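Trainee: My structure is stored as start_23.txt, with compact mmCIF, N, CA and C atoms.
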# COMPACT_ATOMS: atom_id res chain seq x y z
N MET A 1 39.66 83.34 101.83
CA MET A 1 38.73 84.44 101.70
C MET A 1 38.50 84.66 100.20
N LYS A 2 37.25 84.68 99.81
CA LYS A 2 36.90 84.88 98.41
C LYS A 2 36.86 86.38 98.12
N VAL A 3 37.61 86.80 97.11
CA VAL A 3 37.67 88.20 96.71
C VAL A 3 36.62 88.43 95.64
N ILE A 4 35.76 89.43 95.90
CA ILE A 4 34.69 89.77 94.96
C ILE A 4 34.86 91.23 94.56
N GLU A 5 35.23 91.44 93.31
CA GLU A 5 35.41 92.80 92.80
C GLU A 5 34.08 93.30 92.27
N ASN A 6 33.67 94.50 92.72
CA ASN A 6 32.39 95.04 92.26
C ASN A 6 32.38 96.56 92.41
N LYS A 7 31.35 97.20 91.89
CA LYS A 7 31.29 98.66 91.95
C LYS A 7 30.40 99.20 93.07
N TYR A 8 29.82 98.33 93.88
CA TYR A 8 28.89 98.77 94.92
C TYR A 8 29.49 98.73 96.33
N LEU A 9 30.24 97.70 96.63
CA LEU A 9 30.84 97.55 97.95
C LEU A 9 32.35 97.45 97.81
N PRO A 10 33.08 98.12 98.65
CA PRO A 10 32.65 99.00 99.73
C PRO A 10 32.19 100.35 99.20
N LEU A 11 31.83 101.22 100.10
CA LEU A 11 31.39 102.57 99.72
C LEU A 11 32.53 103.30 99.01
N PRO A 12 32.20 104.27 98.16
CA PRO A 12 33.24 105.05 97.49
C PRO A 12 34.22 105.64 98.51
N GLY A 13 35.49 105.63 98.16
CA GLY A 13 36.53 106.14 99.06
C GLY A 13 37.21 105.04 99.85
N PHE A 14 36.66 103.85 99.79
CA PHE A 14 37.25 102.71 100.49
C PHE A 14 37.64 101.66 99.46
N LYS A 15 38.66 100.89 99.79
CA LYS A 15 39.19 99.91 98.85
C LYS A 15 38.56 98.54 99.02
N ALA A 16 38.37 98.12 100.29
CA ALA A 16 37.89 96.75 100.53
C ALA A 16 37.02 96.70 101.78
N MET A 17 36.19 95.65 101.82
CA MET A 17 35.32 95.42 102.96
C MET A 17 35.28 93.91 103.23
N ASN A 18 35.66 93.53 104.42
CA ASN A 18 35.76 92.12 104.82
C ASN A 18 34.47 91.71 105.53
N LEU A 19 33.82 90.69 105.03
CA LEU A 19 32.61 90.19 105.68
C LEU A 19 32.86 88.79 106.22
N PHE A 20 32.89 88.70 107.53
CA PHE A 20 33.00 87.44 108.26
C PHE A 20 34.25 86.63 107.91
N GLY A 21 35.26 87.28 107.36
CA GLY A 21 36.48 86.58 106.99
C GLY A 21 36.27 85.62 105.82
N LEU A 22 35.08 85.64 105.24
CA LEU A 22 34.76 84.75 104.13
C LEU A 22 34.80 85.46 102.78
N PHE A 23 34.31 86.69 102.76
CA PHE A 23 34.20 87.45 101.52
C PHE A 23 34.92 88.78 101.67
N LEU A 24 35.71 89.11 100.68
CA LEU A 24 36.38 90.40 100.66
C LEU A 24 35.87 91.14 99.43
N PHE A 25 35.02 92.13 99.66
CA PHE A 25 34.50 92.94 98.57
C PHE A 25 35.53 94.03 98.27
N VAL A 26 35.97 94.08 97.03
CA VAL A 26 36.99 95.03 96.61
C VAL A 26 36.38 95.95 95.56
N ARG A 27 36.61 97.23 95.74
CA ARG A 27 36.08 98.23 94.80
C ARG A 27 36.66 97.97 93.42
N LYS A 28 35.82 97.98 92.43
CA LYS A 28 36.24 97.71 91.04
C LYS A 28 37.39 98.64 90.66
N GLY A 29 38.45 98.05 90.16
CA GLY A 29 39.62 98.83 89.73
C GLY A 29 40.66 99.04 90.82
N ALA A 30 40.33 98.72 92.06
CA ALA A 30 41.29 98.89 93.16
C ALA A 30 42.30 97.75 93.13
N LYS A 31 43.54 98.06 93.41
CA LYS A 31 44.60 97.06 93.47
C LYS A 31 44.88 96.74 94.93
N MET A 32 44.78 95.47 95.27
CA MET A 32 45.04 95.03 96.65
C MET A 32 46.50 94.63 96.80
N SER A 33 47.23 95.35 97.64
CA SER A 33 48.63 95.05 97.91
C SER A 33 48.72 93.97 98.99
N SER A 34 49.91 93.49 99.25
CA SER A 34 50.09 92.50 100.32
C SER A 34 49.75 93.13 101.67
N GLU A 35 50.03 94.43 101.82
CA GLU A 35 49.67 95.13 103.06
C GLU A 35 48.16 95.20 103.23
N ASP A 36 47.46 95.46 102.13
CA ASP A 36 45.99 95.51 102.18
C ASP A 36 45.43 94.15 102.59
N MET A 37 45.97 93.09 102.00
CA MET A 37 45.48 91.74 102.34
C MET A 37 45.80 91.40 103.79
N ASN A 38 46.98 91.79 104.26
CA ASN A 38 47.35 91.54 105.65
C ASN A 38 46.41 92.32 106.59
N HIS A 39 46.08 93.54 106.22
CA HIS A 39 45.14 94.36 107.00
C HIS A 39 43.81 93.62 107.17
N GLU A 40 43.31 93.07 106.08
CA GLU A 40 42.03 92.36 106.13
C GLU A 40 42.15 91.05 106.92
N GLU A 41 43.28 90.38 106.84
CA GLU A 41 43.48 89.16 107.63
C GLU A 41 43.54 89.47 109.12
N ILE A 42 44.09 90.63 109.48
CA ILE A 42 44.08 91.07 110.88
C ILE A 42 42.63 91.23 111.34
N HIS A 43 41.81 91.83 110.50
CA HIS A 43 40.38 91.96 110.84
C HIS A 43 39.73 90.59 111.02
N THR A 44 40.09 89.65 110.18
CA THR A 44 39.53 88.30 110.31
C THR A 44 39.90 87.70 111.66
N ALA A 45 41.13 87.88 112.10
CA ALA A 45 41.56 87.38 113.41
C ALA A 45 40.75 88.05 114.52
N GLN A 46 40.52 89.36 114.40
CA GLN A 46 39.72 90.08 115.39
C GLN A 46 38.29 89.55 115.42
N MET A 47 37.73 89.31 114.25
CA MET A 47 36.36 88.80 114.16
C MET A 47 36.22 87.45 114.86
N LYS A 48 37.15 86.57 114.60
CA LYS A 48 37.11 85.23 115.19
C LYS A 48 37.16 85.30 116.72
N GLU A 49 38.00 86.18 117.24
CA GLU A 49 38.13 86.32 118.69
C GLU A 49 36.82 86.78 119.34
N LEU A 50 36.09 87.59 118.62
CA LEU A 50 34.85 88.16 119.18
C LEU A 50 33.60 87.51 118.59
N TRP A 51 33.77 86.32 118.06
CA TRP A 51 32.66 85.55 117.53
C TRP A 51 31.83 86.33 116.52
N TYR A 52 32.49 87.09 115.69
CA TYR A 52 31.92 87.81 114.56
C TYR A 52 30.85 88.84 114.96
N VAL A 53 29.77 88.43 115.56
CA VAL A 53 28.68 89.36 115.88
C VAL A 53 29.16 90.43 116.86
N LEU A 54 29.90 90.03 117.88
CA LEU A 54 30.41 91.00 118.85
C LEU A 54 31.39 91.97 118.18
N PHE A 55 32.17 91.45 117.24
CA PHE A 55 33.10 92.32 116.49
C PHE A 55 32.32 93.44 115.79
N TYR A 56 31.29 93.06 115.04
CA TYR A 56 30.53 94.05 114.29
C TYR A 56 29.78 95.02 115.20
N LEU A 57 29.24 94.53 116.30
CA LEU A 57 28.57 95.42 117.26
C LEU A 57 29.55 96.42 117.85
N TRP A 58 30.71 95.92 118.31
CA TRP A 58 31.73 96.78 118.89
C TRP A 58 32.21 97.79 117.86
N TYR A 59 32.42 97.33 116.62
CA TYR A 59 32.90 98.20 115.55
C TYR A 59 31.94 99.38 115.35
N VAL A 60 30.67 99.09 115.22
CA VAL A 60 29.67 100.15 114.97
C VAL A 60 29.58 101.10 116.16
N VAL A 61 29.53 100.58 117.37
CA VAL A 61 29.44 101.44 118.55
C VAL A 61 30.69 102.31 118.66
N ASP A 62 31.87 101.72 118.46
CA ASP A 62 33.11 102.48 118.53
C ASP A 62 33.13 103.56 117.46
N TRP A 63 32.69 103.22 116.24
CA TRP A 63 32.67 104.20 115.17
C TRP A 63 31.71 105.36 115.50
N LEU A 64 30.55 105.05 116.06
CA LEU A 64 29.60 106.10 116.42
C LEU A 64 30.17 107.02 117.50
N ILE A 65 30.83 106.44 118.48
CA ILE A 65 31.46 107.25 119.54
C ILE A 65 32.53 108.14 118.93
N LYS A 66 33.36 107.57 118.06
CA LYS A 66 34.43 108.36 117.42
C LYS A 66 33.86 109.41 116.49
N LEU A 67 32.71 109.15 115.90
CA LEU A 67 32.06 110.14 115.03
C LEU A 67 31.64 111.36 115.84
N VAL A 68 31.14 111.13 117.05
CA VAL A 68 30.77 112.25 117.94
C VAL A 68 32.03 113.03 118.33
N ILE A 69 33.10 112.31 118.63
CA ILE A 69 34.35 112.95 119.06
C ILE A 69 34.99 113.73 117.92
N TYR A 70 35.16 113.10 116.76
CA TYR A 70 35.91 113.71 115.65
C TYR A 70 35.05 114.49 114.67
N ARG A 71 33.73 114.24 114.67
CA ARG A 71 32.80 114.93 113.77
C ARG A 71 33.22 114.83 112.30
N ASN A 72 33.80 113.68 111.96
CA ASN A 72 34.27 113.46 110.61
C ASN A 72 34.24 111.95 110.35
N PHE A 73 33.58 111.55 109.27
CA PHE A 73 33.40 110.14 108.94
C PHE A 73 34.74 109.40 108.85
N ARG A 74 35.67 109.96 108.09
CA ARG A 74 36.97 109.31 107.86
C ARG A 74 37.81 109.25 109.13
N ASP A 75 37.85 110.33 109.89
CA ASP A 75 38.62 110.34 111.15
C ASP A 75 38.04 109.35 112.14
N ALA A 76 36.72 109.24 112.18
CA ALA A 76 36.08 108.27 113.07
C ALA A 76 36.49 106.86 112.66
N TYR A 77 36.48 106.59 111.36
CA TYR A 77 36.83 105.27 110.84
C TYR A 77 38.27 104.87 111.21
N VAL A 78 39.24 105.74 110.94
CA VAL A 78 40.64 105.37 111.19
C VAL A 78 40.95 105.26 112.67
N ASN A 79 40.08 105.78 113.54
CA ASN A 79 40.31 105.70 114.98
C ASN A 79 39.52 104.60 115.67
N VAL A 80 38.76 103.82 114.92
CA VAL A 80 38.11 102.63 115.49
C VAL A 80 39.22 101.71 115.96
N VAL A 81 39.07 101.14 117.13
CA VAL A 81 40.13 100.32 117.74
C VAL A 81 40.62 99.23 116.79
N PHE A 82 39.75 98.57 116.07
CA PHE A 82 40.14 97.49 115.17
C PHE A 82 40.94 98.02 113.99
N GLU A 83 40.59 99.18 113.49
CA GLU A 83 41.35 99.80 112.40
C GLU A 83 42.72 100.24 112.87
N ARG A 84 42.79 100.75 114.07
CA ARG A 84 44.08 101.20 114.60
C ARG A 84 45.07 100.04 114.66
N GLU A 85 44.61 98.89 115.16
CA GLU A 85 45.50 97.73 115.20
C GLU A 85 45.89 97.30 113.79
N ALA A 86 44.92 97.20 112.90
CA ALA A 86 45.19 96.73 111.55
C ALA A 86 46.13 97.67 110.80
N TYR A 87 45.90 98.97 110.88
CA TYR A 87 46.79 99.92 110.20
C TYR A 87 48.18 99.93 110.80
N ALA A 88 48.28 99.78 112.10
CA ALA A 88 49.59 99.79 112.77
C ALA A 88 50.45 98.59 112.40
N ASN A 89 49.82 97.51 111.97
CA ASN A 89 50.56 96.27 111.75
C ASN A 89 50.43 95.67 110.36
N ASP A 90 49.77 96.34 109.45
CA ASP A 90 49.52 95.72 108.15
C ASP A 90 50.77 95.55 107.29
N GLU A 91 51.85 96.25 107.61
CA GLU A 91 53.09 96.09 106.85
C GLU A 91 53.95 94.94 107.37
N ASP A 92 53.63 94.43 108.55
CA ASP A 92 54.38 93.34 109.17
C ASP A 92 53.76 92.01 108.75
N GLU A 93 54.40 91.34 107.79
CA GLU A 93 53.85 90.09 107.26
C GLU A 93 53.84 88.96 108.29
N ASP A 94 54.62 89.09 109.35
CA ASP A 94 54.67 88.07 110.40
C ASP A 94 53.77 88.39 111.60
N TYR A 95 53.09 89.52 111.53
CA TYR A 95 52.29 89.96 112.68
C TYR A 95 51.29 88.91 113.15
N LEU A 96 50.58 88.31 112.24
CA LEU A 96 49.56 87.33 112.63
C LEU A 96 50.16 86.07 113.24
N LYS A 97 51.41 85.80 112.95
CA LYS A 97 52.09 84.63 113.54
C LYS A 97 52.45 84.87 115.00
N THR A 98 52.66 86.14 115.35
CA THR A 98 53.10 86.47 116.71
C THR A 98 52.03 87.22 117.52
N ARG A 99 50.95 87.58 116.88
CA ARG A 99 49.89 88.37 117.52
C ARG A 99 49.26 87.59 118.67
N LYS A 100 49.13 88.26 119.81
CA LYS A 100 48.45 87.67 120.96
C LYS A 100 46.95 87.88 120.81
N ARG A 101 46.18 86.98 121.40
CA ARG A 101 44.72 87.12 121.37
C ARG A 101 44.32 88.46 121.97
N PHE A 102 43.29 89.05 121.40
CA PHE A 102 42.73 90.31 121.86
C PHE A 102 43.76 91.45 121.86
N ALA A 103 44.71 91.40 120.93
CA ALA A 103 45.75 92.41 120.83
C ALA A 103 45.18 93.80 120.57
N PHE A 104 43.99 93.86 120.00
CA PHE A 104 43.37 95.17 119.71
C PHE A 104 43.14 96.01 120.96
N ILE A 105 43.06 95.35 122.12
CA ILE A 105 42.82 96.05 123.39
C ILE A 105 43.90 97.12 123.63
N ARG A 106 45.12 96.86 123.17
CA ARG A 106 46.22 97.83 123.35
C ARG A 106 45.95 99.13 122.60
N TYR A 107 45.01 99.12 121.67
CA TYR A 107 44.74 100.30 120.84
C TYR A 107 43.50 101.08 121.27
N LEU A 108 42.97 100.75 122.44
CA LEU A 108 41.79 101.48 122.96
C LEU A 108 42.15 102.92 123.27
Mind turning this structure into structure tokens?
Mentor:
Amino acid sequence: MKVIENKYLPLPGFKAMNLFGLFLFVRKGAKMSSEDMNHEEIHTAQMKELWYVLFYLWYVVDWLIKLVIYRNFRDAYVNVVFEREAYANDEDEDYLKTRKRFAFIRYL
């Protein structure tokens, strides 16, 4: 994954944005820890399972539903099913070695 540090992506308040498992846009000045990188690699695994396009469609629909429920941008984001899995496991460096396909389903 190519890391691209810039001041435009991701939006302010976020550290990184993974696009198709190929590019990781990192906010200028942000420090990416091993947990942060593992978090993004978990997203890459999710993307591959859902053939990328389905991942992004599901992500947006889930975020919109959570936005209606929580009425807060940040709360909606952290409760997206894909984020829940990634945050729950980003400290486990072996997670991707043992992760079962479609593991995000457990976080619905």
Trainee: Considering only strand (DSSP E or B) as DSSP defines it on the backbone, what residues of chain A qualify? List them as a list in words.
Mentor: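 Here are the strand (DSSP E or B) residues of chain A: Lys2, Val3, Ile4, Glu5, Asn6, Ala16, Met17, Asn18, Leu19, Phe23, Leu24, Phe25, Val26 and Arg27 of chain A.
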Trainee: Near Asp90 in chain A, counting all atoms listed in the file, which residues have an atom at most 5 Å away, once you skip same-chain residues fewer than 3 positions from it, shown as JSON, numbers by chain?
Mentor: {"A": [35, 38, 39, 86, 87]}
Trainee: Which residues are close to range 47-54 of chain A, i.e. within 8 Å by all atoms listed in the file, leaving aside same-chain residues fewer than 3 positions away? Reply as a VMD selection string.
Mentor: chain A and resid 20 to 21 41 to 44 57 to 60 101 to 102
Trainee: Measure the distance from CA of Met32 in chain A to CA of Ala16 in chain A in Å and round it to one decimal.
Mentor: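 One can read the CA of Met32 in chain A to CA of Ala16 in chain A distance as 8.3 Å.
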Trainee: Just want the 8 Å neighbourhood of Asp62 in chain A, counted on all atoms listed in the file, with same-chain residues fewer than 6 positions away dropped. Output as a PyMOL selection string.
Mentor: chain A and resi 56+68+76-77+79-81
Trainee: Just how far from CA of Arg99 in chain A is CA of Val26 in chain A, in Å to one decimal?
Mentor: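 Atom-to-atom, CA of Val26 in chain A and CA of Arg99 in chain A are spaced 25.5 Å apart.
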Trainee: Please compute the atom C of Leu64 in chain A-atom C of Lys15 in chain A distance, one decimal, in Å.
Mentor: 22.0 Å
Trainee: For Asn6 in chain A, which of A:Phe23, A:Lys28, A:Asn89, A:Ser33 is the closest residue, counting all atoms listed in the file?
Mentor: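 Once distances to Asn6 in chain A are computed over all atoms listed in the file, the minimum belongs to A:Lys28.
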Trainee: Start from the incomplete input, build N, CA, C and O atoms for range 65-91 of chain A, and deliver everything as a short mmCIF file (atom, residue, chain, number, x, y, z; two decimals), keeping the file's coordinate frame.
Mentor:
data_model
loop_
_atom_site.label_atom_id
_atom_site.label_comp_id
_atom_site.auth_asym_id
_atom_site.auth_seq_id
_atom_site.Cartn_x
_atom_site.Cartn_y
_atom_site.Cartn_z
N ILE A 65 30.83 106.44 118.48
CA ILE A 65 31.46 107.25 119.54
C ILE A 65 32.53 108.14 118.93
O ILE A 65 32.60 109.35 119.21
N LYS A 66 33.36 107.57 118.06
CA LYS A 66 34.43 108.36 117.42
C LYS A 66 33.86 109.41 116.49
O LYS A 66 34.43 110.49 116.33
N LEU A 67 32.71 109.15 115.90
CA LEU A 67 32.06 110.14 115.03
C LEU A 67 31.64 111.36 115.84
O LEU A 67 31.82 112.50 115.41
N VAL A 68 31.14 111.13 117.05
CA VAL A 68 30.77 112.25 117.94
C VAL A 68 32.03 113.03 118.33
O VAL A 68 32.03 114.26 118.34
N ILE A 69 33.10 112.31 118.63
CA ILE A 69 34.35 112.95 119.06
C ILE A 69 34.99 113.73 117.92
O ILE A 69 35.35 114.89 118.08
N TYR A 70 35.16 113.10 116.76
CA TYR A 70 35.91 113.71 115.65
C TYR A 70 35.05 114.49 114.67
O TYR A 70 35.58 115.29 113.89
N ARG A 71 33.73 114.24 114.67
CA ARG A 71 32.80 114.93 113.77
C ARG A 71 33.22 114.83 112.30
O ARG A 71 33.04 115.76 111.52
N ASN A 72 33.80 113.68 111.96
CA ASN A 72 34.27 113.46 110.61
C ASN A 72 34.24 111.95 110.35
O ASN A 72 34.82 111.19 111.11
N PHE A 73 33.58 111.55 109.27
CA PHE A 73 33.40 110.14 108.94
C PHE A 73 34.74 109.40 108.85
O PHE A 73 34.92 108.34 109.44
N ARG A 74 35.67 109.96 108.09
CA ARG A 74 36.97 109.31 107.86
C ARG A 74 37.81 109.25 109.13
O ARG A 74 38.42 108.22 109.43
N ASP A 75 37.85 110.33 109.89
CA ASP A 75 38.62 110.34 111.15
C ASP A 75 38.04 109.35 112.14
O ASP A 75 38.78 108.69 112.87
N ALA A 76 36.72 109.24 112.18
CA ALA A 76 36.08 108.27 113.07
C ALA A 76 36.49 106.86 112.66
O ALA A 76 36.87 106.03 113.50
N TYR A 77 36.48 106.59 111.36
CA TYR A 77 36.83 105.27 110.84
C TYR A 77 38.27 104.87 111.21
O TYR A 77 38.51 103.78 111.73
N VAL A 78 39.24 105.74 110.94
CA VAL A 78 40.64 105.37 111.19
C VAL A 78 40.95 105.26 112.67
O VAL A 78 41.98 104.69 113.05
N ASN A 79 40.08 105.78 113.54
CA ASN A 79 40.31 105.70 114.98
C ASN A 79 39.52 104.60 115.67
O ASN A 79 39.62 104.44 116.88
N VAL A 80 38.76 103.82 114.92
CA VAL A 80 38.11 102.63 115.49
C VAL A 80 39.22 101.71 115.96
O VAL A 80 40.22 101.52 115.26
N VAL A 81 39.07 101.14 117.13
CA VAL A 81 40.13 100.32 117.74
C VAL A 81 40.62 99.23 116.79
O VAL A 81 41.82 98.97 116.69
N PHE A 82 39.75 98.57 116.07
CA PHE A 82 40.14 97.49 115.17
C PHE A 82 40.94 98.02 113.99
O PHE A 82 41.88 97.36 113.53
N GLU A 83 40.59 99.18 113.49
CA GLU A 83 41.35 99.80 112.40
C GLU A 83 42.72 100.24 112.87
O GLU A 83 43.70 100.11 112.14
N ARG A 84 42.79 100.75 114.07
CA ARG A 84 44.08 101.20 114.60
C ARG A 84 45.07 100.04 114.66
O ARG A 84 46.23 100.19 114.27
N GLU A 85 44.61 98.89 115.16
CA GLU A 85 45.50 97.73 115.20
C GLU A 85 45.89 97.30 113.79
O GLU A 85 47.07 97.04 113.51
N ALA A 86 44.92 97.20 112.90
CA ALA A 86 45.19 96.73 111.55
C ALA A 86 46.13 97.67 110.80
O ALA A 86 47.09 97.21 110.16
N TYR A 87 45.90 98.97 110.88
CA TYR A 87 46.79 99.92 110.20
C TYR A 87 48.18 99.93 110.80
O TYR A 87 49.17 100.06 110.09
N ALA A 88 48.28 99.78 112.10
CA ALA A 88 49.59 99.79 112.77
C ALA A 88 50.45 98.59 112.40
O ALA A 88 51.68 98.66 112.49
N ASN A 89 49.82 97.51 111.97
CA ASN A 89 50.56 96.27 111.75
C ASN A 89 50.43 95.67 110.36
O ASN A 89 50.96 94.58 110.12
N ASP A 90 49.77 96.34 109.45
CA ASP A 90 49.52 95.72 108.15
C ASP A 90 50.77 95.55 107.29
O ASP A 90 50.79 94.75 106.37
N GLU A 91 51.85 96.25 107.61
CA GLU A 91 53.09 96.09 106.85
C GLU A 91 53.95 94.94 107.37
O GLU A 91 54.90 94.53 106.71
#
